[in-house]
Each structure stands twice: as structure tokens, then as C-alpha cells.
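Shown here: work39.txt, compact mmCIF, C-alpha atoms.
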```txt
# COMPACT_ATOMS: atom_id res chain seq x y z
CA MET A 1 -6.02 -1.96 31.18
CA ILE A 2 -5.41 -1.20 27.53
CA ASN A 3 -1.95 0.04 26.66
CA ARG A 4 -1.22 3.00 24.47
CA SER A 5 -0.02 1.05 21.42
CA ASP A 6 -3.21 -1.06 21.36
CA TYR A 7 -5.38 2.03 21.77
CA ILE A 8 -3.65 3.84 18.88
CA GLU A 9 -3.89 0.75 16.71
CA HIS A 10 -7.64 0.44 17.38
CA LEU A 11 -8.00 4.11 16.48
CA ARG A 12 -6.05 3.71 13.25
CA LEU A 13 -8.11 0.68 12.22
CA ALA A 14 -11.34 2.55 12.92
CA LEU A 15 -10.19 5.50 10.79
CA ASN A 16 -9.20 3.16 7.95
CA ASN A 17 -12.76 1.78 8.07
CA LEU A 18 -14.50 5.05 8.88
CA TYR A 19 -17.33 4.45 6.40
CA GLU A 20 -17.71 0.70 7.04
CA PRO A 21 -20.62 0.11 9.48
CA ASP A 22 -19.89 -3.59 10.11
CA PHE A 23 -16.30 -2.87 11.07
CA LEU A 24 -17.01 0.09 13.34
CA ARG A 25 -19.78 -1.76 15.20
CA LYS A 26 -17.13 -4.25 16.37
CA SER A 27 -14.51 -1.67 17.30
CA PRO A 28 -13.27 -1.76 20.92
CA LEU A 29 -13.42 2.05 20.81
CA ILE A 30 -17.21 1.77 21.33
CA LYS A 31 -16.71 0.54 24.90
CA LEU A 32 -13.70 2.74 25.37
CA PHE A 33 -15.70 5.87 24.56
CA GLY A 34 -18.73 4.70 26.60
CA ILE A 35 -21.24 4.53 23.75
CA GLU A 36 -21.97 0.78 23.81
CA GLN A 37 -25.56 1.40 25.00
CA ARG A 38 -26.37 3.59 22.00
CA PHE A 39 -28.69 2.04 19.40
CA ASP A 40 -26.66 3.77 16.65
CA VAL A 41 -23.14 2.85 17.76
CA PHE A 42 -21.76 2.99 14.19
CA THR A 43 -23.05 6.52 13.60
CA ALA A 44 -22.02 7.63 17.08
CA LEU A 45 -18.44 6.37 16.74
CA GLN A 46 -18.13 7.73 13.22
CA LYS A 47 -19.33 11.14 14.41
CA ILE A 48 -16.83 11.16 17.29
CA LEU A 49 -13.91 10.45 14.95
CA ILE A 50 -14.97 12.90 12.24
CA GLU A 51 -15.60 15.72 14.69
CA ALA A 52 -12.29 15.05 16.45
CA ILE A 53 -10.42 15.54 13.18
CA GLU A 54 -12.48 18.57 12.18
CA GLU A 55 -11.75 20.19 15.55
CA MET A 56 -8.04 20.00 14.70
CA GLU A 57 -8.42 22.27 11.67
CA PRO A 58 -6.16 25.31 12.21
CA SER A 59 -7.30 28.86 11.65
CA PRO A 60 -6.72 30.37 8.19
CA GLU A 61 -4.04 32.63 9.68
CA GLU A 62 -1.94 29.63 10.72
CA PRO A 63 1.12 29.14 8.43
CA LEU A 64 0.68 26.18 6.09
CA ASP A 65 3.98 24.65 7.23
CA SER A 66 3.04 24.81 10.91
CA PRO A 67 2.73 21.67 13.10
CA ALA A 68 -1.02 22.33 13.39
CA TRP A 69 -1.52 21.96 9.63
CA TRP A 70 0.75 18.92 9.49
CA ASN A 71 -1.37 17.24 12.18
CA TYR A 72 -4.64 18.11 10.48
CA GLY A 73 -3.82 17.68 6.75
CA PRO A 74 -2.83 13.99 6.67
CA LEU A 75 -5.86 12.99 8.77
CA TYR A 76 -8.30 15.11 6.79
CA TYR A 77 -7.23 13.99 3.32
CA ARG A 78 -6.45 10.39 4.23
CA PHE A 79 -9.49 9.49 6.34
CA LEU A 80 -12.24 12.07 5.81
CA GLN A 81 -11.62 12.51 2.09
CA GLN A 82 -10.56 8.85 1.63
CA LEU A 83 -7.60 9.65 -0.64
CA ASP A 84 -4.88 7.04 -0.97
CA ARG A 85 -1.32 7.60 0.27
CA GLN A 86 0.03 8.78 -3.07
CA GLN A 87 -2.82 11.26 -3.56
CA VAL A 88 -2.38 12.67 -0.05
CA ALA A 89 1.37 13.01 -0.58
CA GLU A 90 0.78 14.90 -3.81
CA GLN A 91 -1.83 17.10 -2.14
CA LEU A 92 0.59 18.02 0.64
CA GLY A 93 3.67 18.24 -1.59
CA VAL A 94 5.72 15.57 0.19
CA SER A 95 7.01 12.09 -0.55
CA VAL A 96 5.04 9.03 0.58
CA ARG A 97 7.76 8.28 3.13
CA GLN A 98 7.52 11.76 4.62
CA LEU A 99 3.74 11.43 4.69
CA ASN A 100 3.95 8.14 6.61
CA ARG A 101 5.99 9.77 9.36
CA ARG A 102 3.74 12.81 9.58
CA GLN A 103 0.60 10.70 9.56
CA ARG A 104 1.89 8.63 12.49
CA SER A 105 2.60 11.83 14.42
CA ALA A 106 -0.84 13.24 13.54
CA LEU A 107 -2.53 10.02 14.64
CA GLU A 108 -0.79 10.19 18.03
CA THR A 109 -1.94 13.78 18.44
CA LEU A 110 -5.53 12.77 17.65
CA ALA A 111 -5.27 9.84 20.06
CA ASP A 112 -4.10 12.13 22.86
CA ARG A 113 -6.99 14.54 22.27
CA LEU A 114 -9.57 11.74 22.41
CA TRP A 115 -7.90 10.18 25.46
CA THR A 116 -8.23 13.47 27.31
CA LYS A 117 -11.74 14.21 26.03
CA PHE A 118 -13.15 10.88 27.24
CA CYS A 119 -11.07 10.77 30.46
CA LEU A 120 -9.73 7.38 29.46
CA THR A 121 -7.20 7.32 32.27
CA GLU A 122 -10.20 6.87 34.57
CA ASN A 123 -12.55 4.84 32.37
CA THR A 124 -10.20 2.41 30.68
CA GLU A 125 -10.35 -0.35 33.27
CA LYS A 126 -14.13 -0.52 33.43
CA SER A 127 -14.41 -0.53 29.65
CA GLY A 128 -13.87 -4.27 29.63
CA ILE A 129 -10.95 -4.07 27.18
CA SER A 130 -7.74 -5.64 28.27
CA SER A 131 -4.40 -6.45 26.76
CA ASP A 132 -3.55 -10.13 26.64
CA ASP A 133 -1.28 -11.72 29.21
CA ARG A 134 1.74 -12.04 26.95
CA PRO A 135 4.66 -9.66 27.48
CA GLU A 136 3.72 -8.03 24.17
CA SER A 137 0.29 -7.72 22.62
CA LEU A 138 -0.37 -8.57 18.98
CA PHE A 139 -0.05 -4.91 18.04
CA ASP A 140 3.30 -4.64 19.81
CA GLU A 141 4.61 -7.71 18.03
CA LEU A 142 3.56 -6.25 14.69
CA ALA A 143 4.97 -2.78 15.35
CA TRP A 144 7.89 -3.42 13.00
CA LEU A 145 5.43 -4.26 10.25
CA ARG A 146 3.21 -1.25 10.90
CA ASP A 147 6.20 1.08 10.63
CA SER A 148 7.70 -0.59 7.55
CA GLU A 149 7.45 0.99 4.10
CA PRO A 150 5.06 -0.56 1.55
CA GLU A 151 6.89 -2.27 -1.30
CA ALA A 152 6.05 -2.93 -4.91
CA THR A 153 5.01 -6.51 -4.30
CA GLY A 154 4.28 -8.92 -7.12
CA PHE A 155 0.95 -10.52 -6.22
CA ILE A 156 1.27 -13.61 -8.42
CA GLU A 157 4.76 -14.39 -7.10
CA THR A 158 3.55 -13.98 -3.51
CA LEU A 159 0.49 -16.13 -4.18
CA HIS A 160 2.57 -18.97 -5.64
CA SER A 161 4.92 -18.77 -2.66
CA ALA A 162 1.91 -19.09 -0.33
CA LEU A 163 0.57 -22.02 -2.35
CA GLU A 164 3.86 -23.85 -1.95
CA ARG A 165 3.55 -23.58 1.84
CA ILE A 166 0.01 -24.97 1.99
CA LEU A 167 0.48 -27.66 -0.68
CA PRO A 168 0.90 -30.47 1.89
CA LEU A 169 -2.30 -29.32 3.62
CA SER A 170 -4.32 -29.20 0.39
CA ARG A 171 -3.08 -32.69 -0.56
CA ARG A 172 -3.99 -34.04 2.86
CA TYR A 173 -7.58 -32.81 2.47
CA ASP A 174 -7.70 -33.59 -1.28
CA VAL A 175 -8.50 -29.99 -2.22
CA THR A 176 -7.65 -28.52 -5.61
CA ILE A 177 -6.87 -24.83 -6.02
CA GLN A 178 -7.64 -23.07 -9.30
CA ILE A 179 -6.48 -19.59 -10.28
CA GLN A 180 -8.28 -17.66 -12.99
CA ASP A 181 -5.90 -16.16 -15.54
CA ALA A 182 -6.24 -12.39 -15.22
CA GLY A 183 -3.32 -11.39 -17.41
CA GLU A 184 -0.59 -9.13 -16.10
CA ILE A 185 -1.28 -8.08 -12.51
CA PRO A 186 0.24 -4.74 -11.45
CA PRO A 187 2.34 -4.63 -8.26
CA VAL A 188 0.51 -4.03 -5.01
CA SER A 189 1.60 -1.74 -2.18
CA VAL A 190 1.80 -4.30 0.62
CA GLN A 191 4.68 -5.67 2.66
CA PRO A 192 5.27 -9.08 0.98
CA LEU A 193 5.59 -11.10 4.21
CA ALA A 194 2.29 -9.70 5.47
CA LEU A 195 0.50 -10.49 2.20
CA LYS A 196 1.93 -14.01 2.09
CA GLN A 197 0.79 -14.72 5.66
CA VAL A 198 -2.70 -13.40 4.93
CA LEU A 199 -3.00 -15.69 1.90
CA ILE A 200 -1.70 -18.69 3.87
CA ASN A 201 -4.17 -18.03 6.69
CA LEU A 202 -7.18 -17.64 4.40
CA LEU A 203 -6.39 -20.61 2.18
CA SER A 204 -5.73 -22.81 5.22
CA LEU A 205 -9.10 -21.80 6.68
CA ALA A 206 -10.82 -22.52 3.36
CA ILE A 207 -9.22 -25.97 3.17
CA CYS A 208 -10.09 -26.95 6.74
CA LEU A 209 -13.53 -25.29 6.78
CA PRO A 210 -15.49 -26.62 9.78
CA GLY A 211 -18.91 -28.10 9.06
CA SER A 212 -18.27 -28.90 5.41
CA LYS A 213 -15.93 -30.71 3.05
CA THR A 214 -14.03 -28.40 0.71
CA VAL A 215 -13.72 -29.87 -2.78
CA SER A 216 -11.91 -27.02 -4.53
CA ILE A 217 -10.89 -23.41 -4.06
CA HIS A 218 -11.24 -20.87 -6.86
CA LEU A 219 -9.26 -17.63 -6.95
CA GLN A 220 -10.42 -14.82 -9.19
CA LEU A 221 -8.33 -11.70 -9.70
CA ARG A 222 -9.67 -8.32 -10.81
CA GLN A 223 -6.69 -6.25 -11.79
CA GLU A 224 -8.63 -3.01 -12.34
CA THR A 225 -9.57 -2.74 -8.66
CA MET A 226 -6.98 -5.28 -7.45
CA GLU A 227 -9.54 -7.49 -5.78
CA VAL A 228 -8.76 -11.10 -4.93
CA ILE A 229 -11.86 -13.29 -4.63
CA ILE A 230 -11.46 -16.64 -2.86
CA GLN A 231 -14.45 -18.96 -3.25
CA THR A 232 -14.75 -22.59 -2.13
CA GLU A 233 -16.79 -25.38 -3.65
CA THR A 234 -18.01 -27.32 -0.64
CA ILE A 235 -20.21 -30.22 0.43
CA ALA A 236 -22.12 -29.08 3.50
CA GLU A 237 -22.08 -31.55 6.38
CA LYS A 238 -23.46 -29.30 9.10
CA LYS A 239 -23.83 -25.62 9.92
CA ILE A 240 -20.57 -23.74 9.75
CA ASN A 241 -19.57 -22.40 13.14
CA LEU A 242 -16.16 -20.80 13.38
CA SER A 243 -14.19 -21.29 16.55
CA SER A 244 -12.80 -18.30 18.45
CA GLN A 245 -9.36 -19.20 17.09
CA GLU A 246 -10.64 -19.07 13.50
CA ILE A 247 -12.38 -15.77 14.14
CA ASP A 248 -9.15 -14.39 15.60
CA ASN A 249 -7.35 -15.66 12.51
CA LEU A 250 -9.64 -13.61 10.27
CA GLU A 251 -9.26 -10.54 12.46
CA ILE A 252 -5.47 -10.81 12.29
CA CYS A 253 -5.70 -10.93 8.48
CA GLN A 254 -7.86 -7.81 8.52
CA ARG A 255 -5.39 -6.02 10.77
CA LEU A 256 -2.42 -6.99 8.62
CA LEU A 257 -4.10 -5.71 5.46
CA ALA A 258 -5.37 -2.55 7.17
CA MET A 259 -1.79 -1.57 7.93
CA PHE A 260 -1.38 -1.08 4.17
CA ASP A 261 -4.87 0.27 3.38
CA GLY A 262 -6.13 -3.14 2.29
CA THR A 263 -9.46 -4.68 3.29
CA LEU A 264 -10.86 -8.16 3.84
CA SER A 265 -14.48 -9.29 4.01
CA ALA A 266 -15.54 -12.92 4.50
CA ASN A 267 -18.82 -14.84 4.27
CA PHE A 268 -19.74 -18.31 5.56
CA SER A 269 -23.38 -18.60 4.54
CA GLN A 270 -22.56 -21.08 1.77
CA GLY A 271 -19.12 -22.53 2.12
CA PHE A 272 -16.41 -19.91 2.40
CA SER A 273 -15.85 -16.79 0.34
CA ALA A 274 -13.54 -13.87 0.94
CA VAL A 275 -12.74 -10.68 -0.93
CA LEU A 276 -9.37 -8.98 -0.48
CA THR A 277 -8.88 -5.46 -1.78
CA LEU A 278 -5.24 -4.50 -2.12
CA PRO A 279 -3.78 -1.04 -2.83
CA LEU A 280 -1.94 -0.74 -6.10
CA TYR A 281 1.64 0.47 -5.95
CA ASN A 282 1.79 3.88 -7.59
CA GLN A 283 5.09 3.71 -9.43
CA VAL A 284 6.57 6.68 -11.25
CA PRO A 285 6.82 5.88 -14.99
CA VAL A 286 10.39 6.29 -16.28
CA LEU A 287 11.04 6.18 -20.03
CA VAL A 288 14.49 4.70 -20.79
CA ILE A 289 15.87 5.26 -24.31
CA ASP A 290 18.75 2.87 -24.90
CA ASP A 291 19.59 0.66 -27.88
CA ASN A 292 20.99 -2.07 -25.60
CA LYS A 293 18.27 -4.56 -24.66
CA ASP A 294 20.37 -5.92 -21.79
CA THR A 295 20.61 -2.44 -20.27
CA LEU A 296 16.84 -2.02 -20.43
CA GLN A 297 16.34 -5.35 -18.68
CA LEU A 298 18.97 -4.46 -16.09
CA PHE A 299 17.30 -1.14 -15.25
CA SER A 300 13.94 -2.91 -15.00
CA ARG A 301 15.43 -5.29 -12.42
CA TYR A 302 17.05 -2.40 -10.57
CA THR A 303 13.68 -0.66 -10.16
CA ALA A 304 11.45 -3.72 -9.70
CA LYS A 305 10.78 -3.04 -5.99
CA SER A 306 11.13 0.72 -6.00
CA HIS A 307 8.92 3.74 -6.55
CA PHE A 308 9.74 3.59 -10.27
CA ARG A 309 8.53 1.61 -13.28
CA VAL A 310 10.84 1.43 -16.30
CA ILE A 311 9.45 1.43 -19.83
CA GLY A 312 12.26 0.93 -22.32
CA ILE A 313 12.54 1.66 -26.05
CA GLN A 314 15.49 0.98 -28.35
CA GLN A 315 14.47 3.27 -31.21
CA THR A 316 13.29 6.87 -31.28
CA ASP A 317 11.15 6.80 -34.42
CA GLN A 318 7.95 6.53 -32.32
CA LEU A 319 9.24 8.40 -29.31
CA PHE A 320 6.39 10.86 -28.91
CA GLU A 321 3.72 8.20 -29.44
CA VAL A 322 5.25 6.37 -26.48
CA VAL A 323 5.33 9.61 -24.46
CA ASP A 324 1.61 10.11 -25.14
CA LYS A 325 0.86 6.55 -24.08
CA ILE A 326 2.79 6.30 -20.79
CA SER A 327 3.15 9.96 -19.70
CA PRO A 328 6.66 9.52 -18.25
CA GLN A 329 7.66 11.68 -15.30
CA ILE A 330 11.39 11.07 -15.91
CA ILE A 331 13.33 10.25 -19.09
CA LEU A 332 16.67 8.43 -19.01
CA LEU A 333 18.59 8.84 -22.27
CA ASP A 334 21.66 7.05 -23.62
CA VAL A 335 23.45 9.47 -25.98
CA MET A 336 25.77 6.84 -27.53
CA MET A 337 23.48 4.86 -29.82
CA PRO A 338 24.04 3.54 -33.35
CA ARG A 339 22.34 5.50 -36.13
CA VAL A 340 20.97 7.99 -33.58
CA ASP A 341 22.66 11.13 -32.27
CA GLY A 342 21.66 11.14 -28.60
CA TRP A 343 22.57 14.79 -28.20
CA GLU A 344 20.12 15.64 -30.99
CA VAL A 345 17.47 13.59 -29.20
CA LEU A 346 18.20 15.51 -26.00
CA ALA A 347 17.78 18.83 -27.80
CA THR A 348 14.52 17.67 -29.37
CA LEU A 349 13.16 16.52 -26.02
CA ARG A 350 14.05 19.85 -24.41
CA GLN A 351 12.32 21.82 -27.17
CA HIS A 352 9.20 19.72 -27.80
CA PRO A 353 6.10 20.89 -25.86
CA LYS A 354 5.23 17.31 -24.86
CA THR A 355 8.58 16.73 -23.14
CA SER A 356 10.11 20.14 -22.39
CA HIS A 357 8.90 19.91 -18.76
CA ILE A 358 10.13 16.33 -18.13
CA PRO A 359 13.48 16.01 -16.28
CA ILE A 360 16.06 14.06 -18.26
CA ILE A 361 18.92 11.89 -17.01
CA VAL A 362 21.73 11.51 -19.51
CA CYS A 363 23.37 8.10 -19.23
CA THR A 364 26.49 7.38 -21.27
CA ILE A 365 29.85 5.68 -21.11
CA MET A 366 31.53 8.95 -22.05
CA PRO A 367 32.63 11.40 -19.30
CA GLN A 368 30.59 14.34 -20.59
CA SER A 369 28.65 15.61 -17.60
CA GLU A 370 29.26 19.32 -18.30
CA LEU A 371 27.96 18.99 -21.86
CA ALA A 372 24.91 17.10 -20.63
CA TYR A 373 24.04 19.77 -18.08
CA SER A 374 24.61 22.60 -20.56
CA LEU A 375 22.17 20.97 -23.00
CA GLY A 376 19.41 20.77 -20.41
CA ALA A 377 19.89 17.44 -18.61
CA ARG A 378 18.79 17.39 -14.98
CA PHE A 379 21.17 14.59 -14.00
CA TYR A 380 24.14 12.71 -15.42
CA LEU A 381 25.11 9.07 -14.91
CA GLN A 382 28.21 7.46 -16.34
CA LYS A 383 28.03 3.81 -17.37
CA PRO A 384 28.30 1.24 -15.96
CA VAL A 385 25.48 2.31 -13.63
CA THR A 386 24.93 0.61 -10.28
CA GLN A 387 21.49 0.07 -8.81
CA GLN A 388 22.31 2.38 -5.91
CA ASN A 389 23.33 5.24 -8.22
CA LEU A 390 20.29 4.82 -10.46
CA ILE A 391 17.78 4.76 -7.59
CA ALA A 392 19.53 7.71 -5.91
CA ALA A 393 19.28 9.80 -9.09
CA LEU A 394 15.62 8.89 -9.61
CA ASN A 395 14.80 9.58 -5.95
CA GLN A 396 16.48 12.98 -6.10
CA ILE A 397 14.56 14.02 -9.21
CA ALA A 398 11.23 12.67 -7.95
CA GLY A 399 11.66 14.30 -4.54
CA PHE A 400 11.76 11.05 -2.59
CA GLU A 401 14.07 10.66 0.37
CA ASP A 402 16.76 8.01 0.24
```
Please express the file's structure as C-alpha cells.
Amino acid sequence: MINRSDYIEHLRLALNNLYEPDFLRKSPLIKLFGIEQRFDVFTALQKILIEAIEEMEPSPEEPLDSPAWWNYGPLYYRFLQQLDRQQVAEQLGVSVRQLNRRQRSALETLADRLWTKFCLTENTEKSGISSDDRPESLFDELAWLRDSEPEATGFIETLHSALERILPLSRRYDVTIQIQDAGEIPPVSVQPLALKQVLINLLSLAICLPGSKTVSIHLQLRQETMEVIIQTETIAEKKINLSSQEIDNLEICQRLLAMFDGTLSANFSQGFSAVLTLPLYNQVPVLVIDDNKDTLQLFSRYTAKSHFRVIGIQQTDQLFEVVDKISPQIILLDVMMPRVDGWEVLATLRQHPKTSHIPIIVCTIMPQSELAYSLGARFYLQKPVTQQNLIAALNQIAGFED
């Protein structure tokens, strides 16, 4: 028998790969829904999932804040329209964290509808799908990871941490690993432990590739699409045949990445090659105007693994050129700066058409909150500012939950 958590996880993986024929053809849902004898199993399963979501669409008379719309909206925009989490959250007017909770609830509703439609309480056992014999299945063991929030994860740092772990293995097999310099890599929206484990698994497989001798491993990074290409240089000894354990290893990597909207494809026709696609972390740009370089660096560290990305400037002579370049969604302004009247800067920002709509946080050592609010500030922080207070203020302005 398949348990509920496994069934929901299979459904979620299928939806994440709704337009990927190779993935859907291998989905356990094919047997579960009784379509394994169809010649067009990919099309049949895709049609079942699409129609199931479309059938959830509420009538136009249904209030937009009703449970029916909250079950339908996240599934429609996320899976049928293929928008990323940030785009769906913006479309529905919620934070990413709120969206994650509502999407989980919507997925359970969809799962229940399909379970009833295909009478799975009667057909599950004969489907040939079974949970493993351990007290908890793989999906159960990874439940904490599935429910965790994506973080702004530095890919290069995570990669180097993974390389440290497999260094003894690469030395044992005399394999060199080369990384192409791709410049500054933006943070990715993946739980760092999951990403590190995926990299360790893939690099270990590439080093110990059955049927050939790996000479070197090349990693190429494409920062525009955040693709990681792993390619081995090998000396073929015999045909590469992966064991069931190695195949399971690849599937686990796919499942880990799918939890965060990442993908993995692998090829063994000539050596080993794999392509990872990772979601970029959509950070809110925050312009910080402060003459103190140490403060700018401190705020950058405070926000390094948050929803926010700090861009700091110490002078205001090119303020609006910077605004045009980065399109900040929040401005944090120090009003006590040498040679610059911060209150004048605040007034200019409030009056200028390029910045009049941007919420401003006044940050100063002086206790002048009432003056700040009267001059148009949205929030006031008194120095010294703690990380907790800064993130709380940014979250409140951006509409994120703490």
C-alpha cells in the first residue's frame, strides 16, 4: 500500500514536471491512475492533472478571498502557467511564506479529489506501488526539508563545502575537479543542506563512474539561467551500466531539487554529464544611504540570508542614477551624515517622481522618530540597529511575515 505522504509527494513532483515527458513517463501515478497500458502515458497523465486543476476553478461569483480561490489560484499559476514562487505570490498579493502554506493546502485538496476520482482506496494495492519496509519512507524522512523555507544560498560557498567533503575520494581515484570562473553568482533559492548533498552525490557518482575511468570533472556555471553543468573527461573501459543504488541516488537528487523548483537531468552515453537548474533567490533591493562604510557592510551581513539585498552608497551626488539602475523597493536613510543634510535628502526623495512612491526607513542615532514620520518616513530605526530590528522593519514594509 502507498501511504498518503508518498502519494502527495509523487503528485507534487509530477506537477513540478508537468511539461517534461521523460519525467512523467516514470511517475508512479501512471500505475496508480490505471493508465499504464496507454501508448501515450505522458499525454494521458498530463491531461489528468491539468483537467483536475481546471475543474477546481470557482465560479465568477465566488469571492476572491474564498477557500475555493485559494485552492485553485496557487495550483493554476504555479503549475499550469509555470510561474515561479515569487511571481505567483505577487499575482495573489501574498508573501512567499504565505503562498507556501496555501500551496500545500491546495495540493492536499487536489490529491483528495484525485484519490476519490480514481477510487484509490480500492486500487492502490494492485497498482504495484508500495512503501519501503522502513518505519518511515524517504518522503517521510524528508518532510522537514519539504516544509522548510528556501534560503538565499550562496552557490559557490556551498560548492566549495561539498568539494571539501569529497576531496579524499577524488584523491583516491586521482580525479581533478575544475570550475569555470563565471564571475559573481547570485544566491539561489534552495535549502543549503539539500544543495550540498545533491552536489556531493553527483560528484561522487562522477568520480566512481562504473565502466570507465574518470580523469577530470569540469563544472561550468551559467549565472543568467543558474545552470550548473557537470561534465567528466573519461576513459571508457566498458559500457556504463548504473546499478539500482546509483539510479536511486540520482532520483533522490531529483527529488531534493524538485522540492525547491530545481531540476536535474543526467546522461551516460559518453562518460557522465549532468545539468542542474536552480531557482534564483528573488531578493528585494534595498538602497542604504549611509556615509559609514562599516554600517553598510554590517547591514549587508544582516540581510545576507534574507529576502533583502542591500546596495549601499556613501554619497548622494549620483543618487538618482543609482535609483534608475537598481530600482530599489525600500530606501534606508541615515540623516546624520557629514556635508549632507539627511532631512533635506528625505524631503527630496519624497518629492521626486522617481522615489516618491518608495517607502523610506530613517535610521539615525538621534531620537527623532516623530520628525521622521512627519517628513514622510514609513519607519524609524535608532542606531545602533540590531539584525532582528532591521529585518523586522524590512519585513513589515515588504509585507512579509516574521
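Going from atom CA of A:Val288 to atom CA of A:Leu333 covers 6.0 Å.
Among the candidate residues A:Ile252, A:Ile185, A:Leu120, A:Val323, the one lying nearest to A:Asn3 is A:Leu120, with distances computed using only C-alpha atoms.
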A:Ala258, A:Leu110, A:Val275, A:Cys253 ranked by distance to A:Leu221, top pick (using only C-alpha atoms): A:Val275
Got a sec: who's within 6 Å of stretch 280-286 of chain A, counting all atoms listed in the file, leaving out chain neighbours fewer than 2 positions off, as number ranges by chain? A: 152, 187-189, 307-310, 328-331
Between A:Thr295, A:Ser204, A:Ser265, A:Thr348, single out the one closest to A:Pro384, counting only C-alpha atoms. A:Thr295
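Here atom CA of A:Leu49 and atom CA of A:Pro63 stand 24.9 Å from one another.
Reported to one decimal place, the separation of atom CA of A:Glu9 from atom CA of A:Ala206 is 27.7 Å.
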